[in-house]
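Source file work.cif; content: mmCIF, C-alpha atoms.
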```cif
data_start
#
loop_
_atom_site.group_PDB
_atom_site.id
_atom_site.type_symbol
_atom_site.label_atom_id
_atom_site.label_comp_id
_atom_site.auth_asym_id
_atom_site.auth_seq_id
_atom_site.Cartn_x
_atom_site.Cartn_y
_atom_site.Cartn_z
ATOM 1 C CA MET X 1 95.214 83.590 32.143
ATOM 2 C CA ALA X 2 92.517 82.216 34.427
ATOM 3 C CA LYS X 3 91.644 84.275 37.459
ATOM 4 C CA HIS X 4 92.255 82.758 40.877
ATOM 5 C CA PRO X 5 88.819 82.283 42.473
ATOM 6 C CA ASP X 6 89.998 83.531 45.939
ATOM 7 C CA ARG X 7 91.900 86.566 44.721
ATOM 8 C CA LYS X 8 90.090 89.846 45.379
ATOM 9 C CA ARG X 9 90.707 93.075 43.527
ATOM 10 C CA LEU X 10 91.998 95.800 45.899
ATOM 11 C CA PRO X 11 90.254 99.171 45.626
ATOM 12 C CA VAL X 12 92.234 101.957 44.026
ATOM 13 C CA THR X 13 92.696 104.893 46.449
ATOM 14 C CA THR X 14 93.721 108.437 45.688
ATOM 15 C CA PRO X 15 96.462 109.708 48.038
ATOM 16 C CA SER X 16 95.336 112.531 50.324
ATOM 17 C CA LEU X 17 97.102 115.725 49.379
ATOM 18 C CA ILE X 18 97.684 117.633 52.688
ATOM 19 C CA PRO X 19 99.628 120.846 52.259
ATOM 20 C CA PRO X 20 102.528 121.564 54.667
ATOM 21 C CA ILE X 21 101.735 123.726 57.662
ATOM 22 C CA ASN X 22 102.240 127.446 57.249
ATOM 23 C CA VAL X 23 104.718 128.684 59.889
ATOM 24 C CA THR X 24 104.685 132.314 58.777
ATOM 25 C CA ASP X 25 102.760 133.440 61.870
ATOM 26 C CA LEU X 26 104.852 131.457 64.377
ATOM 27 C CA LYS X 27 105.178 133.338 67.684
ATOM 28 C CA THR X 28 108.658 133.577 69.242
ATOM 29 C CA TYR X 29 110.193 135.334 72.220
ATOM 30 C CA PRO X 30 113.740 136.517 73.157
ATOM 31 C CA LEU X 31 116.137 133.773 74.265
ATOM 32 C CA LYS X 32 117.175 135.873 77.262
ATOM 33 C CA LYS X 33 113.628 135.589 78.641
ATOM 34 C CA ARG X 34 113.599 131.788 78.491
ATOM 35 C CA HIS X 35 114.431 129.704 81.557
ATOM 36 C CA SER X 36 117.511 127.569 80.873
ATOM 37 C CA LYS X 37 118.723 124.628 82.946
ATOM 38 C CA VAL X 38 122.379 124.915 81.906
ATOM 39 C CA ARG X 39 124.543 128.015 82.273
ATOM 40 C CA VAL X 40 128.214 128.693 81.594
ATOM 41 C CA ALA X 41 128.547 129.804 85.231
ATOM 42 C CA ASP X 42 127.749 126.201 86.255
ATOM 43 C CA PHE X 43 130.446 124.608 84.074
ATOM 44 C CA ALA X 44 133.401 122.641 85.378
ATOM 45 C CA LYS X 45 136.791 124.282 85.695
ATOM 46 C CA PRO X 46 139.912 122.534 84.349
ATOM 47 C CA TRP X 47 142.020 120.639 86.853
ATOM 48 C CA ARG X 48 145.563 121.770 87.519
ATOM 49 C CA ARG X 49 148.213 119.443 88.896
ATOM 50 C CA GLY X 50 148.852 119.866 92.611
ATOM 51 C CA GLY X 51 145.472 121.357 93.379
ATOM 52 C CA SER X 52 143.617 120.708 96.626
ATOM 53 C CA PHE X 53 140.436 118.706 97.063
ATOM 54 C CA SER X 54 138.707 121.943 97.992
ATOM 55 C CA HIS X 55 139.560 123.319 94.554
ATOM 56 C CA PHE X 56 138.451 120.069 92.909
ATOM 57 C CA TYR X 57 135.118 120.152 94.767
ATOM 58 C CA ARG X 58 134.434 123.768 93.818
ATOM 59 C CA ALA X 59 135.493 123.105 90.208
ATOM 60 C CA LEU X 60 132.917 120.375 89.594
ATOM 61 C CA PRO X 61 130.042 121.354 87.271
ATOM 62 C CA ASP X 62 127.054 122.457 89.342
ATOM 63 C CA ILE X 63 124.756 120.238 87.284
ATOM 64 C CA LEU X 64 122.731 117.018 87.829
ATOM 65 C CA ALA X 65 124.585 114.513 90.053
ATOM 66 C CA VAL X 66 127.002 117.136 91.388
ATOM 67 C CA LYS X 67 124.053 119.206 92.601
ATOM 68 C CA THR X 68 122.724 116.074 94.303
ATOM 69 C CA LEU X 69 126.123 115.314 95.858
ATOM 70 C CA ARG X 70 126.362 118.842 97.238
ATOM 71 C CA ALA X 71 122.788 118.755 98.542
ATOM 72 C CA VAL X 72 123.447 115.460 100.362
ATOM 73 C CA ALA X 73 126.754 116.710 101.777
ATOM 74 C CA LYS X 74 125.067 119.891 103.024
ATOM 75 C CA ALA X 75 122.225 117.892 104.588
ATOM 76 C CA ILE X 76 124.683 115.681 106.501
ATOM 77 C CA ALA X 77 126.783 118.670 107.576
ATOM 78 C CA THR X 78 123.675 120.545 108.739
ATOM 79 C CA ALA X 79 122.358 117.539 110.672
ATOM 80 C CA HIS X 80 125.741 117.104 112.364
ATOM 81 C CA ARG X 81 125.961 120.782 113.342
ATOM 82 C CA ARG X 82 122.458 120.665 114.820
ATOM 83 C CA GLY X 83 123.050 117.431 116.688
ATOM 84 C CA ARG X 84 120.550 115.506 114.589
ATOM 85 C CA PRO X 85 120.986 111.798 113.693
ATOM 86 C CA VAL X 86 123.046 110.694 110.694
ATOM 87 C CA ILE X 87 122.289 107.007 110.144
ATOM 88 C CA ILE X 88 124.214 104.882 107.650
ATOM 89 C CA GLY X 89 122.826 101.612 106.300
ATOM 90 C CA ILE X 90 125.360 99.422 104.501
ATOM 91 C CA GLY X 91 125.335 96.243 102.482
ATOM 92 C CA ALA X 92 128.301 93.890 102.860
ATOM 93 C CA HIS X 93 129.859 95.127 99.610
ATOM 94 C CA VAL X 94 130.698 98.424 101.291
ATOM 95 C CA VAL X 95 132.888 96.508 103.741
ATOM 96 C CA LYS X 96 134.438 94.340 101.035
ATOM 97 C CA VAL X 97 135.646 97.278 98.947
ATOM 98 C CA GLY X 98 137.754 98.666 101.773
ATOM 99 C CA LEU X 99 135.622 101.497 103.138
ATOM 100 C CA THR X 100 135.451 100.587 106.836
ATOM 101 C CA PRO X 101 138.312 102.951 107.847
ATOM 102 C CA ILE X 102 136.307 105.863 106.439
ATOM 103 C CA LEU X 103 133.139 104.873 108.280
ATOM 104 C CA VAL X 104 135.103 104.218 111.482
ATOM 105 C CA ASP X 105 136.584 107.717 111.202
ATOM 106 C CA TRP X 106 133.079 109.197 110.858
ATOM 107 C CA MET X 107 132.077 107.282 113.992
ATOM 108 C CA GLN X 108 135.075 108.638 115.879
ATOM 109 C CA GLN X 109 134.288 112.185 114.737
ATOM 110 C CA GLY X 110 130.738 111.816 115.993
ATOM 111 C CA ILE X 111 129.228 112.379 112.549
ATOM 112 C CA THR X 112 127.603 108.942 112.370
ATOM 113 C CA THR X 113 124.874 108.333 114.942
ATOM 114 C CA ALA X 114 124.203 104.691 114.054
ATOM 115 C CA ILE X 115 125.141 102.098 111.442
ATOM 116 C CA ALA X 116 122.847 99.335 110.239
ATOM 117 C CA MET X 117 124.093 96.350 108.239
ATOM 118 C CA ASN X 118 122.824 93.044 106.916
ATOM 119 C CA GLY X 119 123.996 89.664 108.154
ATOM 120 C CA ALA X 120 126.782 89.359 105.595
ATOM 121 C CA GLY X 121 128.272 92.613 106.855
ATOM 122 C CA ILE X 122 129.350 91.089 110.166
ATOM 123 C CA ILE X 123 131.097 88.236 108.356
ATOM 124 C CA HIS X 124 133.392 90.478 106.335
ATOM 125 C CA ASP X 125 133.946 92.915 109.218
ATOM 126 C CA PHE X 126 134.828 89.984 111.519
ATOM 127 C CA GLU X 127 137.156 88.225 109.049
ATOM 128 C CA LEU X 128 139.021 91.442 108.259
ATOM 129 C CA ALA X 129 139.516 92.155 111.957
ATOM 130 C CA LEU X 130 140.646 88.566 112.584
ATOM 131 C CA MET X 131 142.724 87.702 109.521
ATOM 132 C CA GLY X 132 143.100 90.874 107.492
ATOM 133 C CA HIS X 133 141.377 89.307 104.475
ATOM 134 C CA THR X 134 137.866 88.276 103.426
ATOM 135 C CA SER X 135 135.596 87.458 100.462
ATOM 136 C CA GLU X 136 136.104 83.905 99.241
ATOM 137 C CA GLU X 137 135.920 82.705 95.627
ATOM 138 C CA VAL X 138 132.417 81.243 95.550
ATOM 139 C CA ASP X 139 132.775 79.793 92.040
ATOM 140 C CA ALA X 140 135.890 77.878 93.065
ATOM 141 C CA GLU X 141 134.389 76.459 96.261
ATOM 142 C CA ILE X 142 130.704 75.758 95.578
ATOM 143 C CA ASP X 143 131.177 72.593 93.480
ATOM 144 C CA GLU X 144 132.995 70.802 96.295
ATOM 145 C CA GLY X 145 130.695 72.049 99.045
ATOM 146 C CA ARG X 146 133.476 74.145 100.599
ATOM 147 C CA PHE X 147 131.756 77.517 100.195
ATOM 148 C CA GLY X 148 131.090 79.156 103.547
ATOM 149 C CA MET X 149 132.830 76.455 105.559
ATOM 150 C CA ALA X 150 135.657 78.481 107.158
ATOM 151 C CA GLU X 151 135.885 77.074 110.680
ATOM 152 C CA GLU X 152 136.693 80.227 112.657
ATOM 153 C CA THR X 153 134.005 82.329 110.971
ATOM 154 C CA GLY X 154 131.213 79.864 111.681
ATOM 155 C CA ARG X 155 132.298 78.913 115.192
ATOM 156 C CA MET X 156 133.346 82.275 116.614
ATOM 157 C CA LEU X 157 130.549 84.412 115.193
ATOM 158 C CA ASN X 158 127.875 81.988 116.386
ATOM 159 C CA GLU X 159 129.592 81.858 119.766
ATOM 160 C CA ALA X 160 129.452 85.663 119.954
ATOM 161 C CA ILE X 161 125.760 85.725 119.000
ATOM 162 C CA VAL X 162 124.795 83.065 121.570
ATOM 163 C CA ARG X 163 126.680 84.932 124.281
ATOM 164 C CA GLY X 164 124.976 88.170 123.247
ATOM 165 C CA TYR X 165 121.616 86.423 123.468
ATOM 166 C CA ARG X 166 122.353 85.306 127.020
ATOM 167 C CA ASP X 167 123.523 88.826 127.939
ATOM 168 C CA ARG X 168 120.442 90.396 126.289
ATOM 169 C CA GLU X 169 122.474 92.319 123.727
ATOM 170 C CA GLY X 170 121.808 93.169 120.117
ATOM 171 C CA LEU X 171 123.564 91.128 117.447
ATOM 172 C CA GLY X 172 125.910 93.907 116.346
ATOM 173 C CA GLU X 173 126.725 94.827 119.922
ATOM 174 C CA ALA X 174 127.408 91.182 120.769
ATOM 175 C CA VAL X 175 129.920 90.690 117.959
ATOM 176 C CA GLY X 176 131.557 94.041 118.668
ATOM 177 C CA HIS X 177 132.046 93.167 122.340
ATOM 178 C CA TYR X 178 133.387 89.739 121.353
ATOM 179 C CA ILE X 179 136.065 91.318 119.138
ATOM 180 C CA ASN X 180 137.036 93.789 121.857
ATOM 181 C CA ARG X 181 137.165 91.117 124.580
ATOM 182 C CA CYS X 182 139.372 88.864 122.432
ATOM 183 C CA ARG X 183 141.459 91.755 121.113
ATOM 184 C CA GLY X 184 144.633 89.695 121.007
ATOM 185 C CA GLN X 185 143.084 87.536 118.276
ATOM 186 C CA PHE X 186 141.970 90.558 116.231
ATOM 187 C CA PRO X 187 145.031 92.542 115.133
ATOM 188 C CA ASN X 188 142.970 94.612 112.684
ATOM 189 C CA ARG X 189 140.135 95.483 115.078
ATOM 190 C CA ASP X 190 140.765 99.223 114.572
ATOM 191 C CA THR X 191 139.148 98.880 111.121
ATOM 192 C CA SER X 192 136.109 97.058 112.533
ATOM 193 C CA ILE X 193 132.815 98.945 112.507
ATOM 194 C CA LEU X 194 131.394 96.446 115.012
ATOM 195 C CA ALA X 195 134.266 96.802 117.481
ATOM 196 C CA THR X 196 134.292 100.595 117.142
ATOM 197 C CA GLY X 197 130.549 100.810 117.761
ATOM 198 C CA ALA X 198 130.797 98.656 120.889
ATOM 199 C CA ARG X 199 133.762 100.685 122.169
ATOM 200 C CA LEU X 200 132.171 104.101 121.557
ATOM 201 C CA GLY X 201 128.608 103.156 122.444
ATOM 202 C CA ILE X 202 127.362 103.866 118.908
ATOM 203 C CA PRO X 203 124.572 101.499 117.811
ATOM 204 C CA VAL X 204 125.674 99.092 115.073
ATOM 205 C CA THR X 205 122.584 97.042 114.296
ATOM 206 C CA VAL X 206 122.455 93.834 112.259
ATOM 207 C CA HIS X 207 119.354 92.780 110.346
ATOM 208 C CA VAL X 208 119.375 89.103 109.439
ATOM 209 C CA ALA X 209 117.366 87.020 106.992
ATOM 210 C CA VAL X 210 117.796 83.455 108.275
ATOM 211 C CA GLY X 211 119.506 81.232 105.733
ATOM 212 C CA THR X 212 121.199 84.009 103.766
ATOM 213 C CA ASP X 213 124.527 83.985 105.631
ATOM 214 C CA ILE X 214 127.248 81.332 105.651
ATOM 215 C CA ILE X 215 127.299 81.103 109.453
ATOM 216 C CA HIS X 216 123.740 79.748 109.390
ATOM 217 C CA MET X 217 125.081 76.529 107.831
ATOM 218 C CA HIS X 218 127.342 75.760 110.799
ATOM 219 C CA PRO X 219 126.311 73.457 113.671
ATOM 220 C CA ALA X 220 126.877 76.248 116.215
ATOM 221 C CA ALA X 221 124.090 78.367 114.691
ATOM 222 C CA ASP X 222 121.280 78.966 117.172
ATOM 223 C CA GLY X 223 118.051 80.194 115.594
ATOM 224 C CA ALA X 224 116.672 81.553 118.856
ATOM 225 C CA ALA X 225 119.853 83.556 119.477
ATOM 226 C CA ILE X 226 120.043 84.883 115.912
ATOM 227 C CA GLY X 227 116.381 85.848 115.881
ATOM 228 C CA ALA X 228 116.288 87.456 119.309
ATOM 229 C CA THR X 229 119.477 89.500 118.879
ATOM 230 C CA SER X 230 118.441 90.689 115.409
ATOM 231 C CA LEU X 231 114.954 91.651 116.647
ATOM 232 C CA PHE X 232 116.597 93.579 119.492
ATOM 233 C CA ASP X 233 118.667 95.424 116.856
ATOM 234 C CA PHE X 234 115.577 96.208 114.799
ATOM 235 C CA ARG X 235 113.934 97.844 117.788
ATOM 236 C CA ARG X 236 117.118 99.717 118.669
ATOM 237 C CA LEU X 237 117.378 101.064 115.118
ATOM 238 C CA ALA X 238 113.688 102.003 115.262
ATOM 239 C CA ALA X 239 114.427 104.041 118.394
ATOM 240 C CA VAL X 240 117.172 105.937 116.562
ATOM 241 C CA VAL X 241 114.971 106.531 113.501
ATOM 242 C CA ALA X 242 112.102 107.710 115.732
ATOM 243 C CA GLY X 243 114.328 110.593 116.806
ATOM 244 C CA MET X 244 115.531 111.309 113.274
ATOM 245 C CA GLU X 245 113.549 114.527 112.671
ATOM 246 C CA GLY X 246 115.948 116.904 110.913
ATOM 247 C CA GLY X 247 118.400 114.069 110.346
ATOM 248 C CA VAL X 248 119.679 111.956 107.458
ATOM 249 C CA TYR X 249 119.484 108.279 106.507
ATOM 250 C CA VAL X 250 121.904 106.994 103.853
ATOM 251 C CA ASN X 251 121.420 103.536 102.328
ATOM 252 C CA MET X 252 124.558 102.185 100.643
ATOM 253 C CA GLY X 253 124.657 98.930 98.765
ATOM 254 C CA SER X 254 121.620 97.153 100.212
ATOM 255 C CA ALA X 255 119.011 96.471 97.549
ATOM 256 C CA VAL X 256 116.424 94.598 99.645
ATOM 257 C CA ILE X 257 117.011 93.991 103.375
ATOM 258 C CA LEU X 258 117.843 97.452 104.693
ATOM 259 C CA PRO X 259 115.339 99.379 102.528
ATOM 260 C CA GLU X 260 112.628 97.089 103.889
ATOM 261 C CA VAL X 261 113.897 97.471 107.455
ATOM 262 C CA PHE X 262 114.143 101.265 107.203
ATOM 263 C CA LEU X 263 110.587 101.633 105.894
ATOM 264 C CA LYS X 264 109.272 99.638 108.869
ATOM 265 C CA THR X 265 111.227 101.736 111.364
ATOM 266 C CA VAL X 266 109.746 104.908 109.860
ATOM 267 C CA SER X 267 106.224 103.511 110.090
ATOM 268 C CA LEU X 268 106.794 102.302 113.653
ATOM 269 C CA GLY X 269 108.178 105.669 114.728
ATOM 270 C CA ARG X 270 105.240 107.592 113.265
ATOM 271 C CA ASN X 271 102.754 105.157 114.757
ATOM 272 C CA LEU X 272 104.203 105.904 118.187
ATOM 273 C CA GLY X 273 103.800 109.637 117.723
ATOM 274 C CA HIS X 274 107.068 110.772 116.175
ATOM 275 C CA SER X 275 106.455 113.161 113.288
ATOM 276 C CA LEU X 276 109.403 112.467 110.965
ATOM 277 C CA SER X 277 108.117 115.158 108.620
ATOM 278 C CA SER X 278 111.460 116.780 107.862
ATOM 279 C CA ILE X 279 113.994 114.071 107.060
ATOM 280 C CA THR X 280 116.570 113.541 104.327
ATOM 281 C CA THR X 281 117.001 110.115 102.783
ATOM 282 C CA VAL X 282 119.685 109.021 100.337
ATOM 283 C CA ASN X 283 120.279 105.888 98.317
ATOM 284 C CA MET X 284 123.785 105.210 96.998
ATOM 285 C CA ASP X 285 124.481 102.236 94.750
ATOM 286 C CA PHE X 286 126.041 101.418 91.393
ATOM 287 C CA LEU X 287 122.641 100.303 90.072
ATOM 288 C CA SER X 288 119.195 101.763 90.588
ATOM 289 C CA HIS X 289 116.881 99.243 92.274
ATOM 290 C CA TYR X 290 113.152 99.346 92.970
ATOM 291 C CA ARG X 291 113.095 98.913 96.764
ATOM 292 C CA PRO X 292 115.732 101.517 97.657
ATOM 293 C CA LEU X 293 114.057 104.004 95.317
ATOM 294 C CA MET X 294 110.609 103.415 96.824
ATOM 295 C CA ASN X 295 111.398 102.509 100.459
ATOM 296 C CA VAL X 296 114.278 104.922 101.065
ATOM 297 C CA VAL X 297 114.013 107.809 98.611
ATOM 298 C CA ARG X 298 110.274 108.239 97.956
ATOM 299 C CA ARG X 299 107.866 106.764 100.507
ATOM 300 C CA PRO X 300 109.506 107.969 103.754
ATOM 301 C CA THR X 301 109.651 111.561 102.416
ATOM 302 C CA GLN X 302 106.056 111.774 101.123
ATOM 303 C CA LYS X 303 105.070 113.474 104.358
ATOM 304 C CA GLY X 304 107.966 115.929 104.220
ATOM 305 C CA GLY X 305 111.674 116.124 103.636
ATOM 306 C CA LYS X 306 113.758 115.219 100.601
ATOM 307 C CA GLY X 307 114.988 111.999 99.035
ATOM 308 C CA TYR X 308 118.068 111.732 96.848
ATOM 309 C CA SER X 309 119.683 109.070 94.675
ATOM 310 C CA LEU X 310 123.388 108.915 93.841
ATOM 311 C CA VAL X 311 124.506 106.251 91.365
ATOM 312 C CA GLY X 312 128.122 105.131 91.289
ATOM 313 C CA HIS X 313 130.652 102.679 92.687
ATOM 314 C CA HIS X 314 130.926 102.783 96.471
ATOM 315 C CA GLU X 315 134.727 102.796 96.466
ATOM 316 C CA ILE X 316 134.564 106.118 94.592
ATOM 317 C CA MET X 317 131.317 107.663 95.779
ATOM 318 C CA LEU X 318 131.658 107.218 99.545
ATOM 319 C CA PRO X 319 135.153 108.785 99.808
ATOM 320 C CA LEU X 320 133.885 111.591 97.575
ATOM 321 C CA LEU X 321 130.836 112.156 99.788
ATOM 322 C CA VAL X 322 132.885 112.064 102.985
ATOM 323 C CA ALA X 323 135.336 114.611 101.578
ATOM 324 C CA ALA X 324 132.420 116.765 100.408
ATOM 325 C CA VAL X 325 130.930 116.717 103.910
ATOM 326 C CA ALA X 326 134.299 117.832 105.320
ATOM 327 C CA GLU X 327 134.269 120.753 102.889
ATOM 328 C CA GLU X 328 130.725 121.686 103.848
ATOM 329 C CA LEU X 329 131.671 121.567 107.532
ATOM 330 C CA GLY X 330 134.535 123.941 106.751
#
```
Translate this file's structure into structure tokens.
Amino acid sequence: MAKHPDRKRLPVTTPSLIPPINVTDLKTYPLKKRHSKVRVADFAKPWRRGGSFSHFYRALPDILAVKTLRAVAKAIATAHRRGRPVIIGIGAHVVKVGLTPILVDWMQQGITTAIAMNGAGIIHDFELALMGHTSEEVDAEIDEGRFGMAEETGRMLNEAIVRGYRDREGLGEAVGHYINRCRGQFPNRDTSILATGARLGIPVTVHVAVGTDIIHMHPAADGAAIGATSLFDFRRLAAVVAGMEGGVYVNMGSAVILPEVFLKTVSLGRNLGHSLSSITTVNMDFLSHYRPLMNVVRRPTQKGGKGYSLVGHHEIMLPLLVAAVAEELG
């Protein structure tokens, strides 16, 4: 057979014969002297029908996320006892999954010092107070151009914001006062964070990105009013954060807007001479996102304090946290 002119003969190699390592002289030590992260004493205890939440809370395994939950609950309870701020930042999803009565109760108890929300938050809070329902089917409405076109939502919210602008109010304050003034039209106002904040004098600030909310599509939208009232709210939140030493900030369900806003309030407060060297920050969401991790949990606590992350669905995690705080308060 003729040899192919381009075919080269591969060199023959002898496999390297490396003997297995000799473990005869391996050094060991007693297991009892080793540090272990998991102990039987930390294990969960079985649930028994008819038990109390207190028993359930104590019976959780004192491991990983439960340790974080307890640390966060203790931080909030400690801040409340010492009269330090407890600030809650919420995305609109927190409102949509039925958690406003819990947050309103915290406001009434004096546990929550301030609440910050994005622009979508006021829409769902307003519609629930007005009609008792919210959250449209976007997929069903977008093809016909009907998405976001509810008449009352666009007209009344923009009316409230324009009036707040004229009265030199913040956006959240303006909508809260509007709901309370027109209480006959809002049969569910007792579940409204905005109305409760305005009634109790607790700051509820709204941080808007223009064009992200359905009310910006309506003819009644006034850019000057939206911008001025939201800027007022940013500075009001910054004033609360500036006095946050020894306090807690919890971000729930906002992946971009509120983490960015919070980081700026921390920087502004420190620039004006407020230390903020012993603060607790918490991010709660059902996914872990970059900005909350960096701008809430890590960067604000580089100078001092602790940052925590709790992953889970808000409709489960927030009631659990609130109940845990009640247990820590005793």
Care to translate the PyMOL selection byres ((chain X and resi 67-71) around 12) into actual residues of this file, as a ChimeraX atom specification?
/X:42-43,57-58,60-66,72-78,248,280-284,306-312,317-329
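Interatomic distance, atom CA of X:Met294 to atom CA of X:Pro85: 21.5 Å.
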Starting from the PyMOL selection byres ((chain X and resi 243) around 10), expand the selection into actual residues of this file and give them as a VMD selection string.
chain X and resid 84 to 85 238 to 242 244 to 247 269 274 to 276
Got time to write the residues from that selection, C-alpha atoms, as a compact mmCIF listing (two decimals), in the frame of the given file?
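Full text of out36.txt as output:
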```txt
# COMPACT_ATOMS: atom_id res chain seq x y z
CA ARG X 84 120.55 115.51 114.59
CA PRO X 85 120.99 111.80 113.69
CA ALA X 238 113.69 102.00 115.26
CA ALA X 239 114.43 104.04 118.39
CA VAL X 240 117.17 105.94 116.56
CA VAL X 241 114.97 106.53 113.50
CA ALA X 242 112.10 107.71 115.73
CA MET X 244 115.53 111.31 113.27
CA GLU X 245 113.55 114.53 112.67
CA GLY X 246 115.95 116.90 110.91
CA GLY X 247 118.40 114.07 110.35
CA GLY X 269 108.18 105.67 114.73
CA HIS X 274 107.07 110.77 116.18
CA SER X 275 106.46 113.16 113.29
CA LEU X 276 109.40 112.47 110.96
```
If you take every atom of stretch 192-205 of chain X that the file lists and fit an axis-aligned box around them with 3 Å extra on each side, what centre and edge lengths come out in Å to one decimal, as lines of an AutoDock Vina configuration file?
```
center_x = 129.3
center_y = 100.3
center_z = 117.5
size_x = 19.5
size_y = 13.7
size_z = 15.9
```
Sorted by chain and rising residue number, list the residues of stretch 130-205 of chain X at most 8 Å from stretch 118-125 of chain X (counting all atoms listed in the file), each with its closest atom pair and distance in Å to one decimal, as JSON lines.
```
{"residue": "X:Thr134", "atom": "CA", "partner": "X:His124", "partner_atom": "CA", "distance": 5.8}
{"residue": "X:Ser135", "atom": "CA", "partner": "X:His124", "partner_atom": "CA", "distance": 7.0}
{"residue": "X:Thr153", "atom": "CA", "partner": "X:Ile123", "partner_atom": "CA", "distance": 7.1}
{"residue": "X:Leu157", "atom": "CA", "partner": "X:Ile123", "partner_atom": "CA", "distance": 7.9}
{"residue": "X:Gly172", "atom": "CA", "partner": "X:Ile122", "partner_atom": "CA", "distance": 7.6}
{"residue": "X:Val175", "atom": "CA", "partner": "X:Ile122", "partner_atom": "CA", "distance": 7.8}
{"residue": "X:Ser192", "atom": "CA", "partner": "X:Asp125", "partner_atom": "CA", "distance": 5.7}
{"residue": "X:Ile193", "atom": "CA", "partner": "X:Asp125", "partner_atom": "CA", "distance": 7.0}
{"residue": "X:Leu194", "atom": "CA", "partner": "X:Asp125", "partner_atom": "CA", "distance": 7.2}
```
For X:Glu260, please output as a JSON list (two decimals) with C-alpha atoms, in the coordinates of the input all residues within 10 Å (counting only C-alpha atoms; exclusion window: fewer than 2 positions along the same chain).
```json
[["chain", "number", "residue", "atom", "x", "y", "z"],
["X", 254, "SER", "CA", 121.62, 97.15, 100.21],
["X", 255, "ALA", "CA", 119.01, 96.47, 97.55],
["X", 256, "VAL", "CA", 116.42, 94.60, 99.64],
["X", 257, "ILE", "CA", 117.01, 93.99, 103.38],
["X", 258, "LEU", "CA", 117.84, 97.45, 104.69],
["X", 262, "PHE", "CA", 114.14, 101.26, 107.20],
["X", 263, "LEU", "CA", 110.59, 101.63, 105.89],
["X", 264, "LYS", "CA", 109.27, 99.64, 108.87],
["X", 265, "THR", "CA", 111.23, 101.74, 111.36],
["X", 291, "ARG", "CA", 113.10, 98.91, 96.76],
["X", 292, "PRO", "CA", 115.73, 101.52, 97.66],
["X", 294, "MET", "CA", 110.61, 103.42, 96.82],
["X", 295, "ASN", "CA", 111.40, 102.51, 100.46],
["X", 296, "VAL", "CA", 114.28, 104.92, 101.06]]
```
For X:Gly304, work out the shell of residues within 8 Å, counting all atoms listed in the file and skipping chain neighbours fewer than 4 positions away, then give it as an mmCIF file with C-alpha atoms, in the frame of the given file.
```cif
data_model
loop_
_atom_site.group_PDB
_atom_site.id
_atom_site.type_symbol
_atom_site.label_atom_id
_atom_site.label_comp_id
_atom_site.auth_asym_id
_atom_site.auth_seq_id
_atom_site.Cartn_x
_atom_site.Cartn_y
_atom_site.Cartn_z
ATOM 1 C CA LEU X 276 109.403 112.467 110.965
ATOM 2 C CA SER X 277 108.117 115.158 108.620
ATOM 3 C CA SER X 278 111.460 116.780 107.862
ATOM 4 C CA ILE X 279 113.994 114.071 107.060
#
```
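Picked out by the PyMOL selection byres ((chain X and resi 230) around 7) when it runs on this file: Gly170, Leu171, Val206, His207, Val208, Ile226, Gly227, Ala228, Thr229, Leu231, Phe232, Asp233 and Phe234 of chain X.
Interatomic distance, atom CA of X:Phe186 against atom CA of X:Ala160: 13.9 Å.
Atom pair atom CA of X:Met131 / atom CA of X:Glu152: separated by 10.1 Å.
For the choices X:Val138, X:Ile214, X:Val23, X:Ile87, the atom-to-atom distance to X:Val250 is smallest for X:Ile87 when using only C-alpha atoms.
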